[in-house]
Amino acid sequence: MLVSAKDMLNKAKAGHYAVGQFNINNLEWTKAILMTAQELNSPVILGVSEGAGKYMTGYKTVVGMVNGMMEELNMTVPVALHLDHGSFDGCLKCIEAGFSSIMFDGSHYPIEENIDKTKKLVEICKTKGMSLEAEVGSIGGEEDGVVGTGECADPDECKMIADLGITMLAAGIGNIHGKYPENWAGLSFETLDAIQKLTGDMPLVLHGGTGIPEDMIKKAISLGVAKINVNTECQLAFAEATRKYIEAGKDLQGKGFDPRKLLAPGTDAIKATVKEKMELFGSFDKA
Ligand code: 13P
């Protein structure tokens with residue numbers, strides 16, 4: 001059964017490790033992430049952007065696939081199904097469809113409007129036992145059409161949003177979705193430290209997990225980050241493994257064109273990426 005992300009993230013914050021959110025795009029992604037979480041005895045969050053939800057024909061398909069797969073795989077580790085960077089309407093749709101967690105990204109609204117909309121969702125999530133992530137200070141880069149300029153969040157605004165009764169808070173600290181540019185200034189630990197001092201026990205979320213150096217990840221966890229989102233890195237790993245398979249002409253040998261064979265190296269590459277991240281984040285054996 002899908003669970004809210006609340007307990008797993010509170011435990012992570014108290015235990016000084018982070019739970020990975022890995023975004024899914026299709027069956028192969030979902031299978032690779034679930035199997036790795038079970039193998040490593042790690043809690044996990046499956047992230048679904050609005051674009052990926054649409055790609056999979058809608059949120060109900062996603063819920064049906066994930067629930068079915070969890071049953072067939074005899075999953076025992078805690079799994080949350082989470083809307084990533086949701087609009088207000090997208091959040092309502094996912095609540096209706098059976099997600100166990102949502103993110104409302106109101107970072108592009110003036111803070112009063114972000115507060116107002118987040119507050120409404122806090123009430124709904126409370127009655128449903130769902131977890132809610134809110135965002136202050138937009139995350140840089142582009143993800144599925146959601147573009148952020150990459151600012152550092154105002155710690156006082158973070159405190160205002162955290163006090164609304166949300167489960168976890170995403171705050172911009174110079175992080176960017178997708179690959180980091182050569183001249184990237186790195187994460188602003190000063191901002192993170194100030195946010196954590198004001199928000200106390202609130203699990204903090206680090207978006208743009210792809211390509212952040214290991215030492216920065218560890219430092220972020222030590223300053224209160226309890227959830228780290230990874231998307232692009234799994235996409236790159238999948239694409240590279242698939243390209244190698246085709247470049248080696250393996251799709252032309254025997255039944256190498258069978259999608260179950262063609263997509264296997266990419267699926268294995270996602271597994272390896274997820275395993276590496278769970279080890280780095282420290283979430284293995286924490287189920
Ligand atoms: P990356 O694609 O940079 O890993 O970011 C993922 C993310 O933050 C999802 O919200």
# chains A, B, ... in the order shown; residues from 1 in each chain; ligands from 1

call {"tool": "residues_around", "arguments": {"residues": "range 231-246 of chain A", "least_positions_apart": "3", "cutoff": "7 Å", "atoms": "only C-alpha atoms", "output": "MDAnalysis selection string"}}
result
chainID A and resid 22:23 178 210 249:251 263 265:267 269:270 273

call {"tool": "closest_atom_pairs", "arguments": {"of": "range 140-231 of chain A", "to": "range 41-46 of chain A", "cutoff": "12 Å", "atoms": "only C-alpha atoms", "output": "tab-separated table"}}
result
residue	atom	partner	partner_atom	distance
A:Ala226	CA	A:Val44	CA	11.8
A:Lys227	CA	A:Ile45	CA	8.9
A:Ile228	CA	A:Ile45	CA	9.6
A:Asn229	CA	A:Ile45	CA	8.9
A:Val230	CA	A:Leu46	CA	10.1
A:Asn231	CA	A:Leu46	CA	10.3

call {"tool": "atom_distance", "arguments": {"atom1": "CA of Ser283 in chain A", "atom2": "CA of Val122 in chain A"}}
result
26.8 Å

call {"tool": "residues_around", "arguments": {"residues": "range 34-37 of chain A", "least_positions_apart": "4", "cutoff": "12 Å", "atoms": "only C-alpha atoms", "output": "mmCIF file with N, CA and C atoms, in the first residue's frame"}}
result
data_model
loop_
_atom_site.group_PDB
_atom_site.id
_atom_site.type_symbol
_atom_site.label_atom_id
_atom_site.label_comp_id
_atom_site.auth_asym_id
_atom_site.auth_seq_id
_atom_site.Cartn_x
_atom_site.Cartn_y
_atom_site.Cartn_z
ATOM 1 N N LEU A 2 0.464 2.217 -0.788
ATOM 2 C CA LEU A 2 1.205 3.480 -0.820
ATOM 3 C C LEU A 2 1.073 4.193 0.520
ATOM 4 N N VAL A 19 15.883 10.544 1.939
ATOM 5 C CA VAL A 19 15.155 9.597 1.094
ATOM 6 C C VAL A 19 15.168 10.162 -0.325
ATOM 7 N N GLY A 20 15.423 9.299 -1.294
ATOM 8 C CA GLY A 20 15.446 9.752 -2.689
ATOM 9 C C GLY A 20 14.050 9.817 -3.285
ATOM 10 N N GLN A 21 13.798 10.896 -4.031
ATOM 11 C CA GLN A 21 12.628 10.915 -4.916
ATOM 12 C C GLN A 21 13.167 10.691 -6.316
ATOM 13 N N PHE A 22 12.705 9.625 -6.928
ATOM 14 C CA PHE A 22 13.135 9.320 -8.297
ATOM 15 C C PHE A 22 11.914 9.469 -9.195
ATOM 16 N N ASN A 23 12.040 10.290 -10.227
ATOM 17 C CA ASN A 23 10.886 10.522 -11.113
ATOM 18 C C ASN A 23 10.685 9.351 -12.059
ATOM 19 N N ILE A 24 9.411 9.033 -12.293
ATOM 20 C CA ILE A 24 9.102 7.922 -13.202
ATOM 21 C C ILE A 24 8.500 8.447 -14.504
ATOM 22 N N LEU A 27 6.720 2.200 -17.348
ATOM 23 C CA LEU A 27 6.807 0.951 -16.585
ATOM 24 C C LEU A 27 8.247 0.593 -16.211
ATOM 25 N N GLU A 28 9.170 0.752 -17.169
ATOM 26 C CA GLU A 28 10.558 0.353 -16.896
ATOM 27 C C GLU A 28 11.148 1.166 -15.736
ATOM 28 N N TRP A 29 10.864 2.474 -15.742
ATOM 29 C CA TRP A 29 11.370 3.356 -14.685
ATOM 30 C C TRP A 29 10.824 2.903 -13.328
ATOM 31 N N THR A 30 9.525 2.666 -13.304
ATOM 32 C CA THR A 30 8.846 2.337 -12.055
ATOM 33 C C THR A 30 9.381 1.018 -11.495
ATOM 34 N N ASN A 41 16.296 -2.409 0.822
ATOM 35 C CA ASN A 41 15.495 -2.186 2.026
ATOM 36 C C ASN A 41 15.426 -0.693 2.365
ATOM 37 N N SER A 42 15.105 0.085 1.334
ATOM 38 C CA SER A 42 15.087 1.549 1.487
ATOM 39 C C SER A 42 13.696 2.113 1.237
ATOM 40 N N PRO A 43 13.292 3.120 2.023
ATOM 41 C CA PRO A 43 12.061 3.833 1.664
ATOM 42 C C PRO A 43 12.305 4.578 0.350
ATOM 43 N N VAL A 44 11.251 4.875 -0.371
ATOM 44 C CA VAL A 44 11.445 5.561 -1.655
ATOM 45 C C VAL A 44 10.213 6.410 -1.998
ATOM 46 N N ILE A 45 10.461 7.457 -2.768
ATOM 47 C CA ILE A 45 9.366 8.308 -3.247
ATOM 48 C C ILE A 45 9.406 8.285 -4.772
ATOM 49 N N LEU A 46 8.287 7.910 -5.376
ATOM 50 C CA LEU A 46 8.198 7.946 -6.837
ATOM 51 C C LEU A 46 7.640 9.309 -7.216
ATOM 52 N N MET A 65 -0.936 1.461 -12.182
ATOM 53 C CA MET A 65 0.320 0.751 -12.483
ATOM 54 C C MET A 65 1.147 0.558 -11.205
ATOM 55 N N VAL A 66 1.296 1.628 -10.440
ATOM 56 C CA VAL A 66 2.153 1.555 -9.258
ATOM 57 C C VAL A 66 1.548 0.598 -8.212
ATOM 58 N N ASN A 67 0.261 0.715 -7.976
ATOM 59 C CA ASN A 67 -0.370 -0.186 -6.988
ATOM 60 C C ASN A 67 -0.260 -1.644 -7.422
ATOM 61 N N GLY A 68 -0.521 -1.893 -8.690
ATOM 62 C CA GLY A 68 -0.444 -3.259 -9.197
ATOM 63 C C GLY A 68 0.968 -3.810 -9.080
ATOM 64 N N MET A 69 1.925 -2.984 -9.452
ATOM 65 C CA MET A 69 3.314 -3.425 -9.436
ATOM 66 C C MET A 69 3.799 -3.701 -8.012
ATOM 67 N N MET A 70 3.363 -2.862 -7.078
ATOM 68 C CA MET A 70 3.778 -3.069 -5.687
ATOM 69 C C MET A 70 3.251 -4.398 -5.160
ATOM 70 N N GLU A 71 2.042 -4.741 -5.568
ATOM 71 C CA GLU A 71 1.461 -6.008 -5.126
ATOM 72 C C GLU A 71 2.204 -7.179 -5.770
ATOM 73 N N GLU A 72 2.401 -7.091 -7.086
ATOM 74 C CA GLU A 72 3.070 -8.193 -7.802
ATOM 75 C C GLU A 72 4.509 -8.390 -7.325
ATOM 76 N N LEU A 73 5.169 -7.305 -6.935
ATOM 77 C CA LEU A 73 6.566 -7.400 -6.492
ATOM 78 C C LEU A 73 6.680 -7.690 -4.990
ATOM 79 N N ASN A 74 5.531 -7.856 -4.325
ATOM 80 C CA ASN A 74 5.520 -8.076 -2.868
ATOM 81 C C ASN A 74 6.348 -7.035 -2.123
ATOM 82 N N MET A 75 6.112 -5.774 -2.447
ATOM 83 C CA MET A 75 6.887 -4.696 -1.826
ATOM 84 C C MET A 75 6.561 -4.589 -0.344
ATOM 85 N N THR A 76 7.591 -4.481 0.470
ATOM 86 C CA THR A 76 7.364 -4.298 1.911
ATOM 87 C C THR A 76 7.939 -2.964 2.388
ATOM 88 N N VAL A 77 8.795 -2.323 1.577
ATOM 89 C CA VAL A 77 9.388 -1.043 1.998
ATOM 90 C C VAL A 77 8.364 0.082 1.778
ATOM 91 N N PRO A 78 8.464 1.169 2.557
ATOM 92 C CA PRO A 78 7.510 2.272 2.370
ATOM 93 C C PRO A 78 7.717 2.986 1.025
ATOM 94 N N VAL A 79 6.626 3.130 0.294
ATOM 95 C CA VAL A 79 6.668 3.803 -1.018
ATOM 96 C C VAL A 79 5.608 4.906 -1.040
ATOM 97 N N ALA A 80 6.013 6.114 -1.401
ATOM 98 C CA ALA A 80 5.054 7.215 -1.585
ATOM 99 C C ALA A 80 4.979 7.549 -3.066
ATOM 100 N N LEU A 81 3.791 7.802 -3.547
ATOM 101 C CA LEU A 81 3.602 8.242 -4.935
ATOM 102 C C LEU A 81 3.271 9.730 -4.883
ATOM 103 N N THR A 267 17.030 -0.203 -18.344
ATOM 104 C CA THR A 267 16.381 -0.468 -17.055
ATOM 105 C C THR A 267 17.446 -0.808 -16.003
ATOM 106 N N ASP A 268 18.411 -1.636 -16.404
ATOM 107 C CA ASP A 268 19.502 -1.979 -15.470
ATOM 108 C C ASP A 268 20.316 -0.741 -15.098
ATOM 109 N N ALA A 269 20.484 0.161 -16.062
ATOM 110 C CA ALA A 269 21.255 1.384 -15.790
ATOM 111 C C ALA A 269 20.512 2.272 -14.788
ATOM 112 N N ILE A 270 19.191 2.307 -14.865
ATOM 113 C CA ILE A 270 18.420 3.087 -13.871
ATOM 114 C C ILE A 270 18.607 2.452 -12.488
ATOM 115 N N LYS A 271 18.534 1.118 -12.458
ATOM 116 C CA LYS A 271 18.724 0.418 -11.171
ATOM 117 C C LYS A 271 20.069 0.800 -10.543
ATOM 118 N N ALA A 272 21.109 0.786 -11.376
ATOM 119 C CA ALA A 272 22.449 1.083 -10.856
ATOM 120 C C ALA A 272 22.518 2.526 -10.344
ATOM 121 N N THR A 273 21.879 3.446 -11.054
ATOM 122 C CA THR A 273 21.890 4.859 -10.638
ATOM 123 C C THR A 273 21.146 5.021 -9.303
ATOM 124 N N VAL A 274 19.987 4.384 -9.208
ATOM 125 C CA VAL A 274 19.175 4.508 -7.987
ATOM 126 C C VAL A 274 19.930 3.913 -6.791
ATOM 127 N N LYS A 275 20.589 2.776 -7.030
ATOM 128 C CA LYS A 275 21.354 2.119 -5.957
ATOM 129 C C LYS A 275 22.466 3.059 -5.442
ATOM 130 N N GLU A 276 23.180 3.631 -6.404
ATOM 131 C CA GLU A 276 24.276 4.539 -6.056
ATOM 132 C C GLU A 276 23.749 5.704 -5.205
ATOM 133 N N LYS A 277 22.600 6.255 -5.582
ATOM 134 C CA LYS A 277 22.030 7.399 -4.855
ATOM 135 C C LYS A 277 21.550 6.984 -3.466
ATOM 136 N N MET A 278 20.906 5.817 -3.376
ATOM 137 C CA MET A 278 20.408 5.386 -2.063
ATOM 138 C C MET A 278 21.576 5.168 -1.101
ATOM 139 N N GLU A 279 22.701 4.684 -1.640
ATOM 140 C CA GLU A 279 23.880 4.488 -0.793
ATOM 141 C C GLU A 279 24.448 5.841 -0.365
ATOM 142 N N SER A 283 19.924 5.967 2.749
ATOM 143 C CA SER A 283 18.567 5.472 3.054
ATOM 144 C C SER A 283 18.449 3.946 3.025
ATOM 145 N N PHE A 284 19.541 3.234 2.638
ATOM 146 C CA PHE A 284 19.450 1.768 2.589
ATOM 147 C C PHE A 284 19.315 1.216 4.018
ATOM 148 N N ASP A 285 18.571 0.111 4.114
ATOM 149 C CA ASP A 285 18.298 -0.523 5.416
ATOM 150 C C ASP A 285 17.557 0.389 6.397
ATOM 151 N N LYS A 286 16.840 1.382 5.862
ATOM 152 C CA LYS A 286 16.104 2.289 6.750
ATOM 153 C C LYS A 286 14.580 2.103 6.554
ATOM 154 N N ALA A 287 14.203 1.015 5.876
ATOM 155 C CA ALA A 287 12.768 0.810 5.617
ATOM 156 C C ALA A 287 12.026 0.446 6.902
#

call {"tool": "closest_residue", "arguments": {"among": "A:Asp193, A:Ala264, A:Ile161, A:Asp201", "to": "Ala32 in chain A", "atoms": "only C-alpha atoms"}}
result
A:Ala264

call {"tool": "select_by_dssp", "arguments": {"residues": "range 102-177 of chain A", "states": "alpha helix (DSSP H)", "output": "ChimeraX atom specification"}}
result
/A:111-128,155-162
